[in-house]
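**Student:** Just one file: model_14.txt, with compact mmCIF, C-alpha atoms.
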# COMPACT_ATOMS: atom_id res chain seq x y z
CA MET A 1 16.99 -10.24 22.04
CA LEU A 2 14.00 -10.83 19.78
CA SER A 3 12.22 -7.75 18.47
CA ILE A 4 8.43 -7.55 18.41
CA GLU A 5 8.58 -7.93 14.62
CA GLU A 6 10.60 -11.14 14.89
CA ILE A 7 8.19 -12.48 17.52
CA LYS A 8 5.20 -11.77 15.28
CA LEU A 9 6.94 -13.38 12.33
CA LEU A 10 7.70 -16.49 14.39
CA ILE A 11 4.05 -16.64 15.50
CA GLU A 12 2.96 -16.50 11.87
CA LYS A 13 5.37 -19.28 10.87
CA LEU A 14 4.19 -21.50 13.73
CA GLU A 15 0.57 -20.90 12.74
CA LYS A 16 1.34 -22.24 9.27
CA VAL A 17 2.64 -25.60 10.53
CA LYS A 18 -0.14 -26.28 13.02
CA GLY A 19 -1.75 -29.68 12.57
CA HIS A 20 1.45 -31.73 12.39
CA ASP A 21 2.70 -34.29 14.93
CA PHE A 22 4.35 -31.59 17.06
CA GLN A 23 1.00 -29.86 17.56
CA LYS A 24 1.29 -29.56 21.37
CA LEU A 25 4.76 -28.03 21.16
CA ILE A 26 3.52 -25.50 18.63
CA ASP A 27 0.41 -24.64 20.65
CA ASP A 28 2.41 -24.15 23.87
CA ASN A 29 4.98 -21.91 22.17
CA LEU A 30 2.32 -19.95 20.30
CA LYS A 31 0.54 -19.17 23.57
CA VAL A 32 3.74 -17.87 25.19
CA LEU A 33 4.80 -15.89 22.13
CA LYS A 34 1.40 -14.26 21.71
CA GLU A 35 1.42 -13.19 25.35
CA ILE A 36 4.92 -11.74 24.91
CA ALA A 37 3.89 -9.95 21.70
CA ILE A 38 0.96 -8.25 23.49
CA VAL A 39 3.21 -7.04 26.31
CA VAL A 40 6.04 -5.86 24.05
CA ASP A 41 3.61 -4.08 21.73
CA ALA A 42 2.13 -2.21 24.69
CA ASN A 43 5.57 -1.14 25.91
CA ASN A 44 6.82 -0.16 22.46
CA SER A 45 3.80 1.96 21.59
CA ALA A 46 4.70 4.64 24.13
CA GLN A 47 8.34 4.75 23.00
CA ILE A 48 8.18 4.40 19.23
CA ASN A 49 4.79 6.06 18.57
CA ARG A 50 4.27 3.91 15.48
CA ASN A 51 0.53 4.38 15.31
CA SER A 52 0.52 8.10 14.67
CA LYS A 53 3.40 9.67 12.78
CA SER A 54 2.91 13.43 12.67
CA LEU A 55 2.44 15.69 9.66
CA ASP A 56 5.91 17.10 10.28
CA TRP A 57 7.35 13.58 10.29
CA TYR A 58 5.82 12.83 6.87
CA ARG A 59 6.86 16.25 5.57
CA GLN A 60 10.49 15.77 6.62
CA ASP A 61 10.62 12.19 5.31
CA GLU A 62 9.19 13.25 1.95
CA SER A 63 11.62 16.18 1.67
CA GLN A 64 14.63 13.98 2.44
CA LYS A 65 13.61 11.44 -0.19
CA HIS A 66 13.01 14.15 -2.77
CA THR A 67 16.42 15.72 -2.11
CA ALA A 68 18.11 12.35 -2.42
CA ASN A 69 16.30 11.41 -5.65
CA LYS A 70 15.60 14.68 -7.46
CA ASP A 71 18.53 14.26 -9.88
CA ILE A 72 17.65 10.66 -10.79
CA ASN A 73 16.51 10.21 -14.40
CA LEU A 74 13.26 8.23 -14.23
CA GLU A 75 14.04 6.64 -17.60
CA ASN A 76 16.98 4.90 -15.92
CA ASP A 77 15.18 4.10 -12.67
CA LEU A 78 14.61 0.33 -12.78
CA LEU A 79 11.96 0.29 -10.06
CA PHE A 80 10.03 3.19 -11.59
CA ASN A 81 10.06 1.45 -14.97
CA ALA A 82 8.90 -1.85 -13.46
CA VAL A 83 6.01 -0.14 -11.65
CA ASN A 84 5.08 1.88 -14.75
CA ILE A 85 5.03 -1.25 -16.92
CA LYS A 86 2.74 -2.94 -14.38
CA ILE A 87 0.38 0.05 -14.44
CA ASN A 88 0.30 -0.05 -18.25
CA ASN A 89 -0.40 -3.79 -18.24
CA ILE A 90 -3.34 -3.22 -15.92
CA ARG A 91 -4.64 -0.44 -18.15
CA LYS A 92 -4.38 -2.60 -21.28
CA LEU A 93 -6.56 -5.25 -19.65
CA MET A 94 -9.29 -2.69 -18.98
CA PRO A 95 -11.76 -1.96 -21.79
CA LEU A 96 -11.64 1.69 -22.88
CA SER A 97 -15.14 2.17 -21.49
CA GLU A 98 -13.84 1.22 -18.01
CA GLN A 99 -10.71 3.44 -18.00
CA LEU A 100 -12.56 6.12 -16.07
CA ASN A 101 -10.91 7.69 -13.03
CA SER A 102 -7.72 6.85 -11.14
CA LEU A 103 -6.81 7.52 -7.52
CA GLU A 104 -3.27 7.83 -6.17
CA ILE A 105 -2.86 7.69 -2.39
CA GLY A 106 0.19 9.45 -0.95
CA PRO A 107 1.69 10.86 -4.19
CA GLY A 108 4.28 13.00 -2.39
CA TYR A 109 6.26 14.90 -5.02
CA GLY A 110 4.48 13.00 -7.80
CA LYS A 111 7.09 10.46 -8.91
CA PHE A 112 4.40 8.20 -10.37
CA SER A 113 1.65 10.76 -10.89
CA ARG A 114 2.03 11.08 -14.66
CA CYS A 115 1.54 7.32 -15.07
CA PHE A 116 -2.27 7.73 -15.02
CA LEU A 117 -2.81 9.98 -18.03
CA ALA A 118 -4.83 7.25 -19.77
CA TRP A 119 -7.56 7.62 -17.15
CA ARG A 120 -10.13 10.40 -17.56
CA LEU A 121 -9.78 12.08 -14.16
CA ASN A 122 -6.80 11.69 -11.83
CA TYR A 123 -7.66 11.95 -8.14
CA PHE A 124 -4.88 12.42 -5.57
CA ILE A 125 -5.10 12.30 -1.79
CA ASP A 126 -2.25 13.01 0.60
CA ILE A 127 -1.84 13.78 4.27
CA LEU A 128 0.15 16.91 3.34
CA PRO A 129 -1.92 19.81 1.96
CA GLU A 130 0.95 21.14 -0.18
CA SER A 131 1.12 17.95 -2.25
CA GLY A 132 -1.32 19.26 -4.88
CA SER A 133 0.82 22.23 -5.88
CA LYS A 134 3.88 20.00 -6.30
CA ILE A 135 2.04 17.58 -8.58
CA ARG A 136 0.42 20.28 -10.73
CA LYS A 137 3.89 21.45 -11.74
CA LYS A 138 4.41 18.10 -13.49
CA PHE A 139 1.46 18.64 -15.83
CA ASN A 140 0.69 21.05 -18.64
CA PRO A 141 -1.70 23.75 -17.30
CA ALA A 142 -4.28 22.64 -19.89
CA HIS A 143 -4.45 19.27 -18.11
CA HIS A 144 -5.05 20.73 -14.64
CA GLN A 145 -8.82 20.51 -15.10
CA TYR A 146 -8.48 16.71 -14.99
CA LEU A 147 -6.58 16.70 -11.67
CA LYS A 148 -8.43 16.51 -8.34
CA PHE A 149 -6.62 16.94 -5.01
CA TYR A 150 -7.79 16.21 -1.47
CA GLN A 151 -6.19 16.03 1.96
CA THR A 152 -6.71 12.92 4.11
CA ASP A 153 -6.31 11.97 7.76
CA LYS A 154 -4.33 8.83 6.75
CA THR A 155 -7.19 6.35 6.53
CA SER A 156 -10.00 8.12 4.70
CA CYS A 157 -11.03 8.75 1.10
CA ALA A 158 -14.13 10.63 2.27
CA ASP A 159 -14.03 13.25 -0.51
CA ILE A 160 -13.85 10.64 -3.30
CA PRO A 161 -17.35 9.78 -4.64
CA ASP A 162 -18.79 6.27 -4.28
CA ASN A 163 -18.18 3.87 -7.17
CA SER A 164 -16.19 6.46 -9.12
CA ILE A 165 -12.69 4.97 -9.41
CA SER A 166 -11.53 2.16 -11.69
CA PHE A 167 -7.89 2.09 -10.54
CA VAL A 168 -6.25 2.85 -7.17
CA PHE A 169 -2.47 3.13 -6.79
CA SER A 170 -0.18 3.75 -3.83
CA TRP A 171 3.58 3.40 -3.47
CA ASP A 172 5.78 4.05 -0.42
CA THR A 173 2.78 4.95 1.72
CA PHE A 174 1.07 1.84 3.14
CA VAL A 175 4.43 0.65 4.50
CA PHE A 176 4.03 3.31 7.22
CA PHE A 177 0.55 2.21 8.28
CA THR A 178 -0.39 -0.14 11.10
CA ILE A 179 -2.52 -3.17 10.30
CA GLU A 180 -5.59 -1.35 11.63
CA HIS A 181 -4.87 1.68 9.45
CA ILE A 182 -4.60 -0.55 6.40
CA LYS A 183 -7.89 -2.26 7.23
CA ASP A 184 -9.64 1.10 7.55
CA TYR A 185 -8.15 2.39 4.30
CA LEU A 186 -9.08 -0.71 2.30
CA LEU A 187 -12.66 -0.40 3.53
CA ASP A 188 -12.90 3.17 2.26
CA ILE A 189 -11.14 2.29 -1.00
CA TYR A 190 -13.76 -0.42 -1.52
CA ARG A 191 -16.46 2.24 -1.34
CA THR A 192 -14.77 4.40 -4.00
CA LEU A 193 -14.00 1.60 -6.45
CA LEU A 194 -16.31 0.68 -9.27
CA PRO A 195 -17.35 -2.98 -9.19
CA GLY A 196 -14.55 -4.75 -11.06
CA GLY A 197 -12.06 -1.96 -10.37
CA CYS A 198 -8.67 -2.81 -8.90
CA ALA A 199 -5.98 -1.51 -6.55
CA PHE A 200 -2.19 -1.80 -6.81
CA ILE A 201 -0.59 -1.22 -3.39
CA HIS A 202 3.02 -1.31 -2.13
CA TYR A 203 3.23 -2.84 1.35
CA ALA A 204 5.83 -4.08 3.85
CA ASN A 205 6.47 -7.82 3.84
CA CYS A 206 8.53 -8.58 6.93
CA GLU A 207 9.11 -12.15 5.78
CA TYR A 208 12.07 -10.52 3.99
CA ASP A 209 15.13 -9.14 5.80
CA TYR A 210 14.96 -5.63 4.28
CA ASP A 211 11.35 -5.01 5.30
CA LEU A 212 11.89 -6.58 8.72
CA ALA A 213 14.90 -4.32 9.36
CA GLU A 214 12.82 -1.23 8.44
CA ALA A 215 10.11 -2.34 10.88
CA LYS A 216 12.58 -3.14 13.68
CA LYS A 217 13.99 0.39 13.60
CA GLY A 218 10.46 1.85 13.68
CA TYR A 219 10.53 3.35 10.19
CA TRP A 220 7.98 1.00 8.57
CA ASN A 221 5.19 -0.83 10.36
CA TYR A 222 5.07 -4.60 10.65
CA ASN A 223 3.19 -6.51 7.95
CA THR A 224 3.61 -9.73 5.96
CA LYS A 225 2.21 -11.23 2.78
CA THR A 226 -0.04 -13.56 4.78
CA VAL A 227 -1.42 -10.74 6.93
CA MET A 228 -1.91 -8.44 3.93
CA SER A 229 -3.65 -11.17 1.95
CA ASN A 230 -6.02 -11.83 4.85
CA ILE A 231 -6.84 -8.12 5.19
CA ILE A 232 -7.58 -7.88 1.47
CA THR A 233 -9.87 -10.91 1.35
CA ASP A 234 -11.57 -10.09 4.67
CA THR A 235 -12.45 -6.67 3.24
CA GLY A 236 -14.19 -8.35 0.31
CA TYR A 237 -11.63 -8.09 -2.49
CA ASN A 238 -10.26 -10.80 -4.75
CA VAL A 239 -6.46 -11.08 -4.77
CA LEU A 240 -5.12 -11.03 -8.33
CA GLU A 241 -1.40 -11.01 -7.60
CA MET A 242 1.10 -10.61 -4.75
CA ASP A 243 4.77 -10.36 -5.67
CA GLN A 244 7.83 -8.12 -5.48
CA PHE A 245 9.99 -6.20 -7.95
CA LYS A 246 13.00 -6.32 -5.63
CA SER A 247 13.80 -6.31 -1.92
CA GLY A 248 11.54 -3.81 -0.17
CA ALA A 249 9.28 -3.45 -3.22
CA ASN A 250 6.44 -5.86 -2.42
CA TYR A 251 3.04 -5.21 -3.93
CA ALA A 252 -0.52 -6.50 -3.85
CA LEU A 253 -2.90 -6.28 -6.81
CA PHE A 254 -6.54 -6.89 -5.90
CA GLN A 255 -10.01 -6.31 -7.29
CA LYS A 256 -13.47 -5.35 -6.09
CA PRO A 257 -15.76 -8.20 -7.23
CA ALA A 258 -18.40 -7.64 -9.88
CA LYS A 259 -20.75 -9.71 -12.02
CA LYS A 260 -18.61 -8.66 -14.97
CA ASN A 261 -15.08 -7.97 -13.79
CA ILE A 262 -12.96 -5.39 -15.61
CA ILE A 263 -9.89 -7.61 -15.25
CA LYS A 264 -10.77 -11.28 -15.66
CA HIS A 265 -7.45 -13.00 -15.04
CA LYS A 266 -4.16 -12.70 -13.25
CA ILE A 267 -1.97 -9.88 -14.53
CA ILE A 268 0.76 -11.05 -16.89
CA LYS A 269 4.19 -9.77 -15.90
Show the structure stored in the file as structure tokens.
**Tutor:**
Amino acid sequence: MLSIEEIKLLIEKLEKVKGHDFQKLIDDNLKVLKEIAIVVDANNSAQINRNSKSLDWYRQDESQKHTANKDINLENDLLFNAVNIKINNIRKLMPLSEQLNSLEIGPGYGKFSRCFLAWRLNYFIDILPESGSKIRKKFNPAHHQYLKFYQTDKTSCADIPDNSISFVFSWDTFVFFTIEHIKDYLLDIYRTLLPGGCAFIHYANCEYDYDLAEAKKGYWNYNTKTVMSNIITDTGYNVLEMDQFKSGANYALFQKPAKKNIIKHKIIK
């Protein structure tokens, strides 16, 4: 039996080949599949509750991950190193005058939170109120004055000032959001970013088996590269890069337009 994620992926693939000689066949199948997707989504929402994971759900998930990974040496963590190198490459392309404030969304226990020391102020927002105390422990007390913590309702950066952030980062967070949640978040991120500032976001790409399996079991929410790219551009950003480090580690790098962009070309890997 096809899952809703597989149906949506098939719809997306059929959309891409529209305009060929088998146009009528595609149109007929698209109509049926879209009707099925609407019905299955409606039935699944009551059972899986994908749209609103609770605070306790996030708290338990975060605790389990921390327990499983707390003894891992970050210096030997290939994914951490790849992400950290990417962050440093972004920073190097920013003039010193533009390396102002960073924002991390969903820092959890702060695996990546020390990667932003080059920025003047480090803002953090998380759905869990206890996140701030966990992250502070990773910094020298003298540096605490440069750390700003806020709680969010999953889609809002309301406490972050307008046009105050030059770099936004989020890993292992947007994979849990519905498409509508992502749209709402990117709109609020746009408000906080300086013109020319950029965002580096981990997302689920269900064109790949790993991500699709996570969505089918209700752990992640369905998304693809095409959908994510459309959300980004529809919100007003310019896509700089969309790629993956490994299976399940897909990312989007995008920029708020400006007359004089901070980053003027595609990031070099």
**Student:** Counting all atoms listed in the file, figure out which residue out of A:Ile135, A:Ile165, A:Ile7, A:Ala142 gets nearest to Pro195 (chain A).
**Tutor:**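 Checking each of A:Ile135, A:Ile165, A:Ile7, A:Ala142 against Pro195 (chain A), counting all atoms listed in the file, the winner is A:Ile165.
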**Student:** Mind pulling up the distance from CA of Ser170 (chain A) to CA of Leu147 (chain A)?
**Tutor:**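 Distance between the two atoms: 16.4 Å.
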**Student:** Quick one: everything within 7 Å of region 230-247 of chain A, counting only C-alpha atoms, minus sequence neighbours fewer than 5 positions away in the same chain. Send it as a list of chain:residue names.
**Tutor:**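 So, after excluding close chain neighbours, the residues are A:Lys183, A:Leu186, A:Leu187, A:Tyr210, A:Ala252, A:Leu253, A:Phe254, A:Gln255, A:Lys256, A:Pro257, A:Lys266.
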**Student:** At a cut-off of 12 Å, using all atoms listed in the file, what residues contact Glu207 (chain A)? Leave out same-chain residues fewer than 4 positions from it and give the result as a PyMOL selection string.
**Tutor:** chain A and resi 5-13+203+211-215+222-228+247-248+250
**Student:** Report the distance between CA of Ser133 (chain A) and CA of Phe80 (chain A) in Å, rounded to one decimal place.
**Tutor:**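 That distance, rounded to one decimal, is 21.9 Å.
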**Student:** Expressed in Å to a single decimal, how great is the separation between CA of Leu74 (chain A) and CA of Gly108 (chain A)?
**Tutor:**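 For CA of Leu74 (chain A) relative to CA of Gly108 (chain A), the distance reads 15.6 Å.
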**Student:** With all atoms listed in the file as the atoms that count, which of A:Gln151, A:Ser113, A:Ser102, A:Thr67 lies nearest to Glu130 (chain A)?
**Tutor:**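 Smallest separation from Glu130 (chain A) among the options: A:Gln151.
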**Student:** Check the smallest atom-to-atom distance from each of A:Glu104, A:Asp184, A:Asp56, A:Asp153 to Trp171 (chain A) using all atoms listed in the file, then report the winner.
**Tutor:**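 Answer, going by the shortest atom-to-atom distance: A:Glu104.
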**Student:** Could you please give me, as a CSV table (one decimal) with C-alpha atoms, in the coordinates of the input, the residues of protein, DNA or RNA lying at most 9 Å from (-9.9, 13.4, -3.9) in the coordinate frame of the file, considering only C-alpha atoms?
**Tutor:**
chain,number,residue,atom,x,y,z
A,103,LEU,CA,-6.8,7.5,-7.5
A,104,GLU,CA,-3.3,7.8,-6.2
A,122,ASN,CA,-6.8,11.7,-11.8
A,123,TYR,CA,-7.7,12.0,-8.1
A,124,PHE,CA,-4.9,12.4,-5.6
A,125,ILE,CA,-5.1,12.3,-1.8
A,126,ASP,CA,-2.2,13.0,0.6
A,148,LYS,CA,-8.4,16.5,-8.3
A,149,PHE,CA,-6.6,16.9,-5.0
A,150,TYR,CA,-7.8,16.2,-1.5
A,151,GLN,CA,-6.2,16.0,2.0
A,152,THR,CA,-6.7,12.9,4.1
A,157,CYS,CA,-11.0,8.8,1.1
A,158,ALA,CA,-14.1,10.6,2.3
A,159,ASP,CA,-14.0,13.2,-0.5
A,160,ILE,CA,-13.8,10.6,-3.3
A,161,PRO,CA,-17.4,9.8,-4.6
**Student:** Using all atoms listed in the file, which of the listed residues (A:Ser156, A:Asn140, A:Thr178, A:Thr192) sits closest to Lys53 (chain A)?
**Tutor:** A:Thr178
**Student:** Select, from A:Leu121, A:Leu33, A:Val168, A:Leu55, the residue with the minimum atom-to-atom distance to Arg191 (chain A), counting all atoms listed in the file.
**Tutor:**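 Selected residue with least distance to Arg191 (chain A): A:Val168.
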**Student:** A:Ile90, A:Arg114, A:Ser131, A:Pro107: which is nearest His143 (chain A), counting only C-alpha atoms?
**Tutor:**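 The answer is A:Arg114, which sits nearest to His143 (chain A).
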